[in-house]
$ cat final_20.cif   # mmCIF, C-alpha atoms (C1' of nucleotides)
data_input
loop_
_atom_site.label_atom_id
_atom_site.label_comp_id
_atom_site.auth_asym_id
_atom_site.auth_seq_id
_atom_site.Cartn_x
_atom_site.Cartn_y
_atom_site.Cartn_z
CA MET A 1 17.31 10.93 -23.73
CA THR A 2 13.94 9.51 -24.61
CA LEU A 3 13.22 6.70 -22.23
CA ASP A 4 12.05 3.43 -23.53
CA ARG A 5 9.10 1.65 -21.98
CA ASN A 6 11.45 -0.88 -20.49
CA ASP A 7 13.68 1.78 -19.02
CA VAL A 8 10.68 3.16 -17.22
CA LEU A 9 9.78 -0.28 -15.96
CA ARG A 10 13.27 -0.76 -14.66
CA GLU A 11 13.12 2.46 -12.68
CA ALA A 12 9.65 1.67 -11.44
CA ALA A 13 10.78 -1.70 -10.20
CA ALA A 14 13.74 -0.18 -8.39
CA LEU A 15 11.54 2.29 -6.59
CA LEU A 16 8.68 -0.04 -5.83
CA THR A 17 11.05 -2.60 -4.39
CA ARG A 18 11.91 -0.10 -1.70
CA ARG A 19 8.51 1.48 -1.32
CA ALA A 20 5.62 -0.62 -2.54
CA THR A 21 3.12 2.18 -1.99
CA ALA A 22 4.89 4.78 -4.11
CA SER A 23 2.44 6.93 -6.07
CA MET A 24 2.37 7.26 -9.84
CA ASP A 25 3.90 10.67 -9.34
CA ASP A 26 6.78 9.24 -7.35
CA ILE A 27 7.36 6.63 -9.99
CA ALA A 28 7.33 9.20 -12.77
CA LYS A 29 9.81 11.38 -10.91
CA ALA A 30 12.03 8.40 -10.21
CA ALA A 31 12.02 7.54 -13.89
CA GLY A 32 12.76 11.13 -14.78
CA ILE A 33 9.59 11.67 -16.79
CA SER A 34 6.32 13.46 -16.17
CA ARG A 35 3.24 11.81 -14.82
CA ALA A 36 1.48 12.51 -18.10
CA THR A 37 4.08 10.59 -20.05
CA LEU A 38 3.96 7.76 -17.56
CA HIS A 39 0.24 7.51 -18.22
CA ARG A 40 0.92 7.53 -21.94
CA HIS A 41 3.07 4.44 -21.49
CA PHE A 42 0.75 2.64 -19.11
CA ALA A 43 -2.99 3.06 -18.97
CA GLY A 44 -2.94 3.14 -15.18
CA ARG A 45 -1.35 1.80 -12.08
CA ASP A 46 -2.74 -1.67 -12.62
CA ALA A 47 -1.41 -1.80 -16.14
CA LEU A 48 2.01 -0.75 -14.91
CA ILE A 49 2.09 -3.38 -12.20
CA ARG A 50 1.01 -6.02 -14.65
CA ALA A 51 3.70 -4.96 -17.11
CA LEU A 52 6.17 -5.10 -14.28
CA GLU A 53 5.11 -8.58 -13.43
CA GLU A 54 5.38 -9.68 -17.01
CA LEU A 55 8.86 -8.23 -17.33
CA GLY A 56 9.94 -9.92 -14.13
CA ILE A 57 8.62 -13.26 -15.24
CA GLU A 58 10.30 -12.80 -18.59
CA ARG A 59 13.63 -12.05 -16.91
CA PHE A 60 13.23 -14.96 -14.56
CA GLU A 61 12.40 -17.28 -17.39
CA ALA A 62 15.38 -16.01 -19.34
CA ALA A 63 17.57 -16.88 -16.35
CA LEU A 64 16.15 -20.39 -16.33
CA ASP A 65 17.02 -20.69 -19.99
CA THR A 66 20.48 -19.24 -19.57
CA ALA A 67 21.16 -21.70 -16.79
CA ARG A 68 19.79 -24.53 -18.92
CA ILE A 69 18.18 -25.95 -15.82
CA GLU A 70 16.71 -28.95 -17.51
CA GLU A 71 20.10 -30.19 -18.63
CA GLY A 72 22.61 -32.42 -16.90
CA ASP A 73 23.22 -32.78 -13.22
CA ALA A 74 20.52 -31.09 -11.15
CA VAL A 75 22.96 -29.76 -8.57
CA GLU A 76 25.09 -28.14 -11.24
CA ALA A 77 21.95 -26.79 -12.87
CA LEU A 78 20.94 -25.22 -9.58
CA ARG A 79 24.36 -23.64 -9.23
CA ARG A 80 24.05 -22.15 -12.69
CA LEU A 81 20.56 -20.96 -11.90
CA VAL A 82 21.44 -19.09 -8.74
CA ALA A 83 24.29 -17.44 -10.60
CA ALA A 84 22.01 -16.48 -13.48
CA LEU A 85 19.39 -15.18 -11.10
CA GLN A 86 21.85 -12.87 -9.41
CA PRO A 87 21.31 -9.81 -11.63
CA VAL A 88 17.54 -9.99 -11.25
CA SER A 89 17.44 -10.79 -7.57
CA GLY A 90 16.23 -7.31 -6.62
CA PHE A 91 13.45 -7.57 -9.15
CA LEU A 92 12.60 -11.02 -7.91
CA ALA A 93 12.43 -9.78 -4.35
CA PHE A 94 9.96 -7.12 -5.37
CA LEU A 95 7.73 -9.55 -7.21
CA TYR A 96 7.91 -12.09 -4.44
CA GLY A 97 6.81 -9.49 -1.92
CA GLU A 98 4.20 -8.06 -4.23
CA ASN A 99 2.75 -11.46 -4.89
CA GLN A 100 1.67 -11.77 -1.30
CA LEU A 101 -0.32 -8.58 -1.61
CA PHE A 102 -2.66 -9.63 -4.34
CA GLU A 103 -5.89 -11.03 -3.11
CA GLY A 104 -6.57 -14.33 -4.85
CA GLU A 105 -7.09 -12.51 -8.19
CA GLU A 106 -6.28 -14.39 -11.34
CA VAL A 107 -3.41 -16.68 -10.56
CA ASN A 108 -0.73 -15.70 -12.97
CA ALA A 109 -0.01 -18.28 -15.61
CA GLY A 110 3.56 -17.07 -15.84
CA TRP A 111 4.28 -17.81 -12.22
CA ALA A 112 2.77 -21.23 -12.57
CA ARG A 113 5.10 -21.91 -15.48
CA LEU A 114 8.12 -20.87 -13.43
CA ASP A 115 7.02 -22.95 -10.48
CA LEU A 116 6.63 -25.92 -12.74
CA ARG A 117 10.12 -25.70 -14.15
CA LEU A 118 11.65 -25.23 -10.72
CA THR A 119 9.81 -28.07 -9.05
CA ALA A 120 10.78 -30.25 -12.01
CA LEU A 121 14.40 -29.34 -11.41
CA PHE A 122 14.25 -30.37 -7.78
CA ARG A 123 12.33 -33.51 -8.61
CA ARG A 124 14.96 -34.45 -11.15
CA GLY A 125 17.61 -33.92 -8.51
CA GLN A 126 15.76 -36.27 -6.21
CA GLU A 127 15.49 -38.91 -8.90
CA GLN A 128 19.17 -38.58 -9.65
CA GLY A 129 19.80 -39.26 -6.00
CA ASN A 130 21.33 -35.87 -5.25
CA PHE A 131 18.51 -34.16 -3.40
CA ARG A 132 16.85 -35.34 -0.24
CA ILE A 133 13.49 -36.90 -0.82
CA ASP A 134 12.05 -35.87 2.54
CA LEU A 135 11.90 -32.24 1.42
CA THR A 136 9.28 -31.75 -1.26
CA PRO A 137 10.11 -30.06 -4.56
CA VAL A 138 7.41 -27.49 -3.80
CA TRP A 139 9.07 -26.56 -0.56
CA LEU A 140 12.52 -26.42 -2.11
CA THR A 141 11.13 -24.08 -4.76
CA GLU A 142 9.53 -21.90 -2.13
CA ALA A 143 12.73 -21.91 -0.15
CA LEU A 144 14.73 -20.81 -3.17
CA TYR A 145 12.41 -17.85 -3.66
CA GLY A 146 12.54 -16.97 0.01
CA LEU A 147 16.30 -17.18 0.30
CA MET A 148 16.83 -15.13 -2.83
CA ALA A 149 14.44 -12.49 -1.59
CA SER A 150 15.93 -12.41 1.89
CA ALA A 151 19.38 -12.04 0.45
CA ALA A 152 18.27 -9.26 -1.87
CA TRP A 153 16.68 -7.35 0.99
CA GLY A 154 19.73 -7.94 3.14
CA VAL A 155 21.88 -6.43 0.43
CA TYR A 156 19.51 -3.56 -0.07
CA ASP A 157 19.79 -2.33 3.47
CA GLY A 158 23.41 -3.10 3.95
CA ARG A 159 23.32 -6.18 6.15
CA LEU A 160 24.83 -8.35 3.43
CA ALA A 161 27.51 -7.78 0.81
CA ALA A 162 26.25 -8.22 -2.74
CA LYS A 163 29.30 -10.24 -3.73
CA ASP A 164 28.55 -12.86 -1.09
CA VAL A 165 24.93 -13.44 -1.96
CA GLU A 166 25.41 -16.08 -4.61
CA TYR A 167 27.64 -18.18 -2.39
CA MET A 168 25.48 -17.74 0.70
CA VAL A 169 22.22 -18.65 -0.98
CA LEU A 170 23.62 -21.59 -2.84
CA GLU A 171 25.57 -23.04 0.04
CA LEU A 172 22.76 -22.74 2.52
CA LEU A 173 20.24 -24.16 0.11
CA LEU A 174 22.44 -27.07 -0.83
CA GLY A 175 24.31 -27.88 2.35
CA GLY A 176 22.47 -26.22 5.19
CA ALA A 177 23.94 -24.63 8.25
CA LEU A 178 25.47 -27.70 9.84
CA ARG A 179 29.11 -28.61 9.50
CA GLY A 180 29.37 -31.85 7.68
CA SER A 181 29.64 -33.28 4.22
CA GLY A 182 27.74 -30.36 2.79
CA ASP A 183 30.47 -27.78 3.02
CA ALA A 184 33.79 -27.66 1.31
CA MET B 1 -18.15 -9.80 23.67
CA THR B 2 -16.11 -6.70 24.27
CA LEU B 3 -12.93 -7.04 22.34
CA ASP B 4 -9.68 -6.36 24.02
CA ARG B 5 -7.03 -4.23 22.38
CA ASN B 6 -4.97 -7.35 21.76
CA ASP B 7 -7.89 -9.18 20.19
CA VAL B 8 -8.21 -6.35 17.73
CA LEU B 9 -4.52 -6.49 16.99
CA ARG B 10 -4.73 -10.19 16.36
CA GLU B 11 -7.52 -9.73 13.83
CA ALA B 12 -5.73 -6.82 12.24
CA ALA B 13 -2.61 -8.89 11.83
CA ALA B 14 -4.54 -11.74 10.27
CA LEU B 15 -6.12 -9.45 7.72
CA LEU B 16 -3.07 -7.37 6.95
CA THR B 17 -1.00 -10.47 6.41
CA ARG B 18 -3.24 -11.28 3.50
CA ARG B 19 -3.86 -7.76 2.28
CA ALA B 20 -1.30 -5.23 3.41
CA THR B 21 -3.28 -2.34 1.95
CA ALA B 22 -6.50 -3.04 3.80
CA SER B 23 -8.23 0.14 4.94
CA MET B 24 -9.05 1.03 8.51
CA ASP B 25 -12.64 0.21 7.66
CA ASP B 26 -11.72 -3.24 6.44
CA ILE B 27 -9.71 -3.84 9.56
CA ALA B 28 -12.55 -2.70 11.79
CA LYS B 29 -15.00 -4.97 9.99
CA ALA B 30 -12.61 -7.89 10.21
CA ALA B 31 -12.28 -7.33 13.94
CA GLY B 32 -16.03 -7.06 14.25
CA ILE B 33 -16.02 -3.52 15.60
CA SER B 34 -16.85 -0.14 14.15
CA ARG B 35 -14.32 2.19 12.66
CA ALA B 36 -15.02 4.67 15.44
CA THR B 37 -14.06 2.14 18.08
CA LEU B 38 -10.99 1.15 16.16
CA HIS B 39 -9.92 4.77 16.27
CA ARG B 40 -10.61 4.84 19.97
CA HIS B 41 -8.12 2.04 20.44
CA PHE B 42 -5.49 3.39 18.08
CA ALA B 43 -4.95 7.02 17.27
CA GLY B 44 -4.52 6.24 13.59
CA ARG B 45 -3.18 3.83 11.06
CA ASP B 46 0.40 4.50 12.00
CA ALA B 47 -0.29 3.88 15.65
CA LEU B 48 -1.98 0.62 14.81
CA ILE B 49 0.90 -0.57 12.69
CA ARG B 50 3.36 0.36 15.39
CA ALA B 51 1.32 -1.48 18.01
CA LEU B 52 1.25 -4.44 15.68
CA GLU B 53 4.97 -4.33 15.35
CA GLU B 54 5.42 -4.15 19.08
CA LEU B 55 3.12 -7.10 19.64
CA GLY B 56 4.95 -9.11 17.02
CA ILE B 57 8.29 -8.37 18.55
CA GLU B 58 6.94 -9.26 21.96
CA ARG B 59 5.65 -12.59 20.68
CA PHE B 60 8.87 -13.29 18.90
CA GLU B 61 10.87 -12.47 21.97
CA ALA B 62 8.64 -14.69 24.05
CA ALA B 63 9.37 -17.54 21.64
CA LEU B 64 13.07 -16.94 22.06
CA ASP B 65 12.61 -17.15 25.82
CA THR B 66 10.42 -20.23 25.65
CA ALA B 67 13.00 -21.95 23.50
CA ARG B 68 15.76 -20.85 25.88
CA ILE B 69 17.97 -20.20 22.90
CA GLU B 70 20.97 -19.14 24.92
CA GLU B 71 21.14 -22.45 26.73
CA GLY B 72 22.89 -25.66 25.83
CA ASP B 73 23.65 -27.02 22.41
CA ALA B 74 23.02 -24.44 19.70
CA VAL B 75 21.52 -26.96 17.30
CA GLU B 76 19.04 -28.15 19.88
CA ALA B 77 18.27 -24.54 20.77
CA LEU B 78 17.52 -23.84 17.12
CA ARG B 79 15.21 -26.83 16.99
CA ARG B 80 13.35 -25.57 20.01
CA LEU B 81 13.19 -22.11 18.52
CA VAL B 82 11.65 -23.14 15.22
CA ALA B 83 9.08 -25.15 17.15
CA ALA B 84 8.28 -22.23 19.43
CA LEU B 85 8.05 -19.88 16.49
CA GLN B 86 5.49 -22.05 14.77
CA PRO B 87 2.36 -20.44 16.27
CA VAL B 88 3.52 -16.95 15.38
CA SER B 89 4.87 -17.72 11.94
CA GLY B 90 1.97 -15.98 10.20
CA PHE B 91 2.51 -12.91 12.26
CA LEU B 92 6.21 -13.06 11.59
CA ALA B 93 5.60 -13.31 7.87
CA PHE B 94 3.51 -10.17 7.98
CA LEU B 95 6.10 -8.21 9.91
CA TYR B 96 8.91 -9.46 7.73
CA GLY B 97 7.08 -8.31 4.62
CA GLU B 98 6.00 -5.06 6.21
CA ASN B 99 9.50 -4.30 7.29
CA GLN B 100 10.61 -3.97 3.70
CA LEU B 101 8.01 -1.30 3.14
CA PHE B 102 9.21 1.22 5.64
CA GLU B 103 11.49 3.80 4.23
CA GLY B 104 14.58 4.12 6.42
CA GLU B 105 12.46 5.55 9.28
CA GLU B 106 13.65 4.97 12.79
CA VAL B 107 15.24 1.55 12.87
CA ASN B 108 13.27 -0.37 15.41
CA ALA B 109 15.17 -1.12 18.57
CA GLY B 110 13.09 -4.24 19.10
CA TRP B 111 14.14 -5.76 15.83
CA ALA B 112 17.75 -4.99 16.59
CA ARG B 113 17.39 -6.84 19.89
CA LEU B 114 15.96 -9.89 18.16
CA ASP B 115 18.66 -9.84 15.51
CA LEU B 116 21.25 -9.70 18.23
CA ARG B 117 19.98 -12.74 20.07
CA LEU B 118 19.66 -14.72 16.86
CA THR B 119 23.07 -13.90 15.51
CA ALA B 120 24.48 -14.75 18.94
CA LEU B 121 22.81 -18.14 18.71
CA PHE B 122 24.37 -18.89 15.34
CA ARG B 123 27.73 -17.58 16.48
CA ARG B 124 27.62 -19.84 19.48
CA GLY B 125 26.83 -22.73 17.21
CA GLN B 126 29.87 -21.93 15.16
CA GLU B 127 32.06 -21.75 18.22
CA GLN B 128 30.73 -25.06 19.43
CA GLY B 129 31.77 -26.49 16.09
CA ASN B 130 28.25 -27.35 14.96
CA PHE B 131 27.58 -24.61 12.43
CA ARG B 132 29.59 -23.88 9.33
CA ILE B 133 31.83 -20.88 9.69
CA ASP B 134 31.69 -19.90 6.03
CA LEU B 135 28.10 -18.75 6.41
CA THR B 136 27.89 -15.63 8.55
CA PRO B 137 25.55 -15.45 11.55
CA VAL B 138 23.89 -12.44 9.95
CA TRP B 139 23.07 -14.44 6.87
CA LEU B 140 21.85 -17.41 8.85
CA THR B 141 19.56 -15.09 10.78
CA GLU B 142 18.26 -13.56 7.60
CA ALA B 143 17.77 -17.00 6.14
CA LEU B 144 15.77 -18.11 9.16
CA TYR B 145 13.45 -15.16 8.73
CA GLY B 146 13.12 -15.78 5.02
CA LEU B 147 12.43 -19.47 5.33
CA MET B 148 9.87 -18.95 8.07
CA ALA B 149 8.11 -16.31 6.02
CA SER B 150 8.19 -18.39 2.84
CA ALA B 151 6.77 -21.33 4.68
CA ALA B 152 4.02 -19.24 6.25
CA TRP B 153 3.00 -17.84 2.88
CA GLY B 154 3.15 -21.29 1.35
CA VAL B 155 0.78 -22.52 4.02
CA TYR B 156 -1.46 -19.52 3.62
CA ASP B 157 -2.20 -20.19 -0.01
CA GLY B 158 -2.29 -23.90 0.22
CA ARG B 159 0.98 -24.91 -1.37
CA LEU B 160 2.29 -26.30 1.91
CA ALA B 161 0.71 -28.25 4.74
CA ALA B 162 0.91 -26.51 8.09
CA LYS B 163 1.97 -29.65 9.89
CA ASP B 164 5.05 -30.03 7.68
CA VAL B 165 6.37 -26.52 8.12
CA GLU B 166 8.40 -27.06 11.24
CA TYR B 167 10.19 -30.05 9.81
CA MET B 168 10.74 -28.47 6.42
CA VAL B 169 12.17 -25.23 7.72
CA LEU B 170 14.36 -26.86 10.28
CA GLU B 171 15.70 -29.58 8.04
CA LEU B 172 16.47 -27.28 5.17
CA LEU B 173 18.10 -24.73 7.40
CA LEU B 174 20.22 -27.31 9.18
CA GLY B 175 20.97 -29.85 6.54
CA GLY B 176 20.28 -28.26 3.18
CA ALA B 177 18.83 -29.91 0.13
CA LEU B 178 21.63 -32.32 -0.62
CA ARG B 179 21.53 -35.93 0.40
CA GLY B 180 24.30 -36.57 2.87
CA SER B 181 25.05 -36.51 6.53
CA GLY B 182 22.48 -33.81 7.12
CA ASP B 183 19.38 -35.93 6.73
CA ALA B 184 18.16 -38.77 8.84
"C1'" DG C 1 -34.28 0.62 37.40
"C1'" DG C 2 -30.82 4.50 36.97
"C1'" DG C 3 -26.69 6.72 35.63
"C1'" DG C 4 -22.31 6.55 33.73
"C1'" DT C 5 -19.72 4.43 30.06
"C1'" DT C 6 -18.87 2.28 25.72
"C1'" DT C 7 -20.31 1.34 21.27
"C1'" DG C 8 -22.16 1.65 16.36
"C1'" DA C 9 -23.77 4.30 12.62
"C1'" DG C 10 -23.05 7.82 10.03
"C1'" DA C 11 -22.10 12.76 8.69
"C1'" DC C 12 -18.41 15.77 7.68
"C1'" DA C 13 -14.21 18.10 6.12
"C1'" DT C 14 -9.77 17.06 4.55
"C1'" DG C 15 -6.11 15.29 2.02
"C1'" DA C 16 -3.97 12.17 -1.32
"C1'" DC C 17 -3.90 9.75 -5.52
"C1'" DT C 18 -5.83 8.89 -9.90
"C1'" DG C 19 -7.01 9.45 -14.61
"C1'" DT C 20 -8.02 12.85 -18.17
"C1'" DC C 21 -7.40 16.90 -20.43
"C1'" DT C 22 -5.26 21.21 -22.43
"C1'" DC C 23 -1.66 23.90 -24.03
"C1'" DA C 24 2.80 25.57 -24.74
"C1'" DT C 25 7.29 24.01 -25.72
"C1'" DA C 26 11.15 21.09 -27.12
"C1'" DC C 27 12.63 17.82 -30.35
"C1'" DG C 28 13.56 15.39 -34.69
"C1'" DA C 29 12.99 14.15 -39.41
"C1'" DG C 30 12.80 15.75 -43.92
"C1'" DC D 1 13.74 26.01 -41.62
"C1'" DT D 2 9.19 23.68 -40.93
"C1'" DC D 3 5.92 20.53 -39.73
"C1'" DG D 4 4.50 16.68 -37.08
"C1'" DT D 5 5.22 14.38 -32.81
"C1'" DA D 6 6.35 13.65 -28.10
"C1'" DT D 7 6.91 15.80 -23.75
"C1'" DG D 8 6.30 18.58 -19.40
"C1'" DA D 9 3.58 21.38 -16.52
"C1'" DG D 10 -0.38 21.93 -14.61
"C1'" DA D 11 -5.54 22.28 -14.15
"C1'" DC D 12 -9.51 19.56 -13.18
"C1'" DA D 13 -13.02 16.41 -11.41
"C1'" DG D 14 -13.70 12.08 -9.28
"C1'" DT D 15 -12.68 8.66 -5.89
"C1'" DC D 16 -11.19 6.85 -1.69
"C1'" DA D 17 -9.25 6.58 2.97
"C1'" DT D 18 -8.60 9.16 6.95
"C1'" DG D 19 -9.53 11.37 11.22
"C1'" DT D 20 -12.98 13.88 13.93
"C1'" DC D 21 -17.35 14.55 15.57
"C1'" DT D 22 -22.27 13.85 17.02
"C1'" DC D 23 -26.01 11.28 18.64
"C1'" DA D 24 -28.74 7.50 19.77
"C1'" DA D 25 -28.67 2.91 21.42
"C1'" DA D 26 -26.67 -0.82 24.07
"C1'" DC D 27 -24.29 -2.14 27.97
"C1'" DC D 28 -22.86 -2.77 32.75
"C1'" DC D 29 -22.26 -1.90 37.49
"C1'" DC D 30 -24.55 -0.57 41.59
#

$ encode --input "final_20.cif" --output "structure tokens"
Amino acid sequence: MTLDRNDVLREAAALLTRRATASMDDIAKAAGISRATLHRHFAGRDALIRALEELGIERFEAALDTARIEEGDAVEALRRLVAALQPVSGFLAFLYGENQLFEGEEVNAGWARLDLRLTALFRRGQEQGNFRIDLTPVWLTEALYGLMASAAWGVYDGRLAAKDVEYMVLELLLGGALRGSGDA
Amino acid sequence: MTLDRNDVLREAAALLTRRATASMDDIAKAAGISRATLHRHFAGRDALIRALEELGIERFEAALDTARIEEGDAVEALRRLVAALQPVSGFLAFLYGENQLFEGEEVNAGWARLDLRLTALFRRGQEQGNFRIDLTPVWLTEALYGLMASAAWGVYDGRLAAKDVEYMVLELLLGGALRGSGDA
DNA sequence: GGGGTTTGAGACATGACTGTCTCATACGAG
DNA sequence: CTCGTATGAGACAGTCATGTCTCAAACCCC
């Protein structure tokens, strides 16, 4: 019954994704522990948010590893990535939204690392001749984040079916909305 | 020198886009008025946020009208829309982010109206044979929001150049990332 | 210039959240 | 069973944002 630090983080993420302004008390209740215990795990709200961010980055990075995004064909790598990202998409959506809230503060090194690997993926795809060169790797990275987050939110409030998300994100990102060579 | 209610809203939007948790005092300072006057314009924080939402929806709707999205070729209509949306993209990004924060509350009728017109646009495009039918209009609408918001944030913190946004959003949304018939 | 109106500055009470602390209790290992 | 540890409940002070109010100063129209 004793909840692990990570279990608490998981619950916190789930709640904060829906309600970014939830109080420490709300979070504790959501995790099924007392506020006192929550404070024993995390020195304060800031510490909790930072831990949350670290966990999210860790998960994200693990997905990049699982998908082996630096290997082989970039398009296939991207397909594997979106699939691997699926289970953490809610988490990602939270972090992506949260990120906009932080005043300049210290730019997180973890995020920079993720950005780097993603832009490298898109750049590789361009060099392999698969990705358009008129759309910058930075934009494609940003777009991936945005589409994943949009999809996650859409699922959260029932506008989208969870099972469709992977296909929708991937297909739109790769082929766009127009009928043409992009679609099957 | 006297600031109009809408001027205040504009400043409030600009600030809140960057820092969603800004206090009434911060907002007043940013608008160059006192907190007392801010309260004279808006009964409270909630009222201000609601007014902000209404203004945003109004602007968005105006863009839909300007772009005449129900007329002619759906692809061309979408091009016009993204162009018309450009000046309000920051505002849109704020509202899109904010929207995730509100617990179920009363679903805003304005947003529903916008969603309706957008999904109708994409559906028309599908019927005209221009848009893929394996991506639902609801998803395409969601994706448009997400891409616009991503782009706006990217511009805000310097990862993207403002002048490129229109092209980037439109091209990705229409043609996707793959090289093929989609690009010029 | 005068009188009505709007504004800014700030005081004030209130409420919410935070972080810390205490203490009694439940739990688990030996 | 017993002792050490972790937990929950709650008290507590401190901080911050809010919303209301007052009053003096600035403003504007006539």

$ residues_around --input "final_20.cif" --residues "DT2 (chain D)" --least-positions-apart "3" --cutoff "12 Å" --atoms "all atoms listed in the file" --output "JSON, numbers by chain"
{"C": [28, 29, 30]}

$ closest_atom_pairs --input "final_20.cif" --of "chain B" --to "chain D" --cutoff "9 Å" --atoms "all atoms listed in the file" --output "CSV"
residue,atom,partner,partner_atom,distance
B:Ser23,CA,D:DA17,C1',6.8
B:Met24,CA,D:DA17,C1',7.8
B:Asp25,CA,D:DA17,C1',8.6
B:His39,CA,D:DG19,C1',8.3
B:Ala43,CA,D:DG19,C1',8.7
B:Gly44,CA,D:DG19,C1',7.6
B:Arg45,CA,D:DT18,C1',8.6

$ residues_near_point --input "final_20.cif" --point "(10.4, -10.2, 0.5)" --cutoff "8 Å" --atoms "all atoms listed in the file" --output "compact mmCIF listing (two decimals) with C-alpha atoms, in the coordinates of the input"
# COMPACT_ATOMS: atom_id res chain seq x y z
CA ALA A 93 12.43 -9.78 -4.35
CA PHE A 94 9.96 -7.12 -5.37
CA TYR A 96 7.91 -12.09 -4.44
CA GLY A 97 6.81 -9.49 -1.92
CA GLY A 146 12.54 -16.97 0.01
CA ALA A 149 14.44 -12.49 -1.59
CA SER A 150 15.93 -12.41 1.89
CA TRP A 153 16.68 -7.35 0.99
CA TYR B 96 8.91 -9.46 7.73
CA GLY B 97 7.08 -8.31 4.62
CA GLN B 100 10.61 -3.97 3.70
CA GLY B 146 13.12 -15.78 5.02

$ interface_residues --input "final_20.cif" --of "chain B" --to "chain C" --cutoff "9 Å" --atoms "only C-alpha atoms (C1' of nucleotides)" --output "tab-separated table (two decimals) with C-alpha atoms, in the coordinates of the input"
chain	number	residue	atom	x	y	z
B	33	ILE	CA	-16.02	-3.52	15.60
B	34	SER	CA	-16.85	-0.14	14.15
B	35	ARG	CA	-14.32	2.19	12.66
B	36	ALA	CA	-15.02	4.67	15.44
B	37	THR	CA	-14.06	2.14	18.08

$ resolve_selection --input "final_20.cif" --expression "the PyMOL selection byres ((chain B) within 8 of (chain A))" --output "count of residues only"
42

$ axis_aligned_box --input "final_20.cif" --around "region 9-24 of chain D" --padding-each-side "5 Å" --output "JSON"
{"center_x": -12.6, "center_y": 14.4, "center_z": 1.6, "size_x": 42.3, "size_y": 25.7, "size_z": 46.3}

$ residues_around --input "final_20.cif" --residues "Ala84 (chain A)" --least-positions-apart "2" --cutoff "7 Å" --atoms "only C-alpha atoms (C1' of nucleotides)" --output "list of chain:residue names"
A:Ala63, A:Thr66, A:Ala67, A:Arg80, A:Leu81, A:Val82, A:Gln86, A:Pro87

$ resolve_selection --input "final_20.cif" --expression "the PyMOL selection byres ((chain B and resi 69) around 9)" --output "ChimeraX atom specification"
/B:64-68,70-74,76-78,80-81,117-118,121

$ resolve_selection --input "final_20.cif" --expression "the PyMOL selection byres ((chain B and resi 52) around 9)" --output "MDAnalysis selection string"
chainID B and resid 9:10 12:13 47:51 53:57 95

$ write_last_selection --input "final_20.cif" --atoms "C-alpha atoms" --output "mmCIF file, in the coordinates of the input"
data_model
loop_
_atom_site.group_PDB
_atom_site.id
_atom_site.type_symbol
_atom_site.label_atom_id
_atom_site.label_comp_id
_atom_site.auth_asym_id
_atom_site.auth_seq_id
_atom_site.Cartn_x
_atom_site.Cartn_y
_atom_site.Cartn_z
ATOM 1 C CA LEU B 9 -4.520 -6.490 16.990
ATOM 2 C CA ARG B 10 -4.730 -10.190 16.360
ATOM 3 C CA ALA B 12 -5.730 -6.820 12.240
ATOM 4 C CA ALA B 13 -2.610 -8.890 11.830
ATOM 5 C CA ALA B 47 -0.290 3.880 15.650
ATOM 6 C CA LEU B 48 -1.980 0.620 14.810
ATOM 7 C CA ILE B 49 0.900 -0.570 12.690
ATOM 8 C CA ARG B 50 3.360 0.360 15.390
ATOM 9 C CA ALA B 51 1.320 -1.480 18.010
ATOM 10 C CA GLU B 53 4.970 -4.330 15.350
ATOM 11 C CA GLU B 54 5.420 -4.150 19.080
ATOM 12 C CA LEU B 55 3.120 -7.100 19.640
ATOM 13 C CA GLY B 56 4.950 -9.110 17.020
ATOM 14 C CA ILE B 57 8.290 -8.370 18.550
ATOM 15 C CA LEU B 95 6.100 -8.210 9.910
#
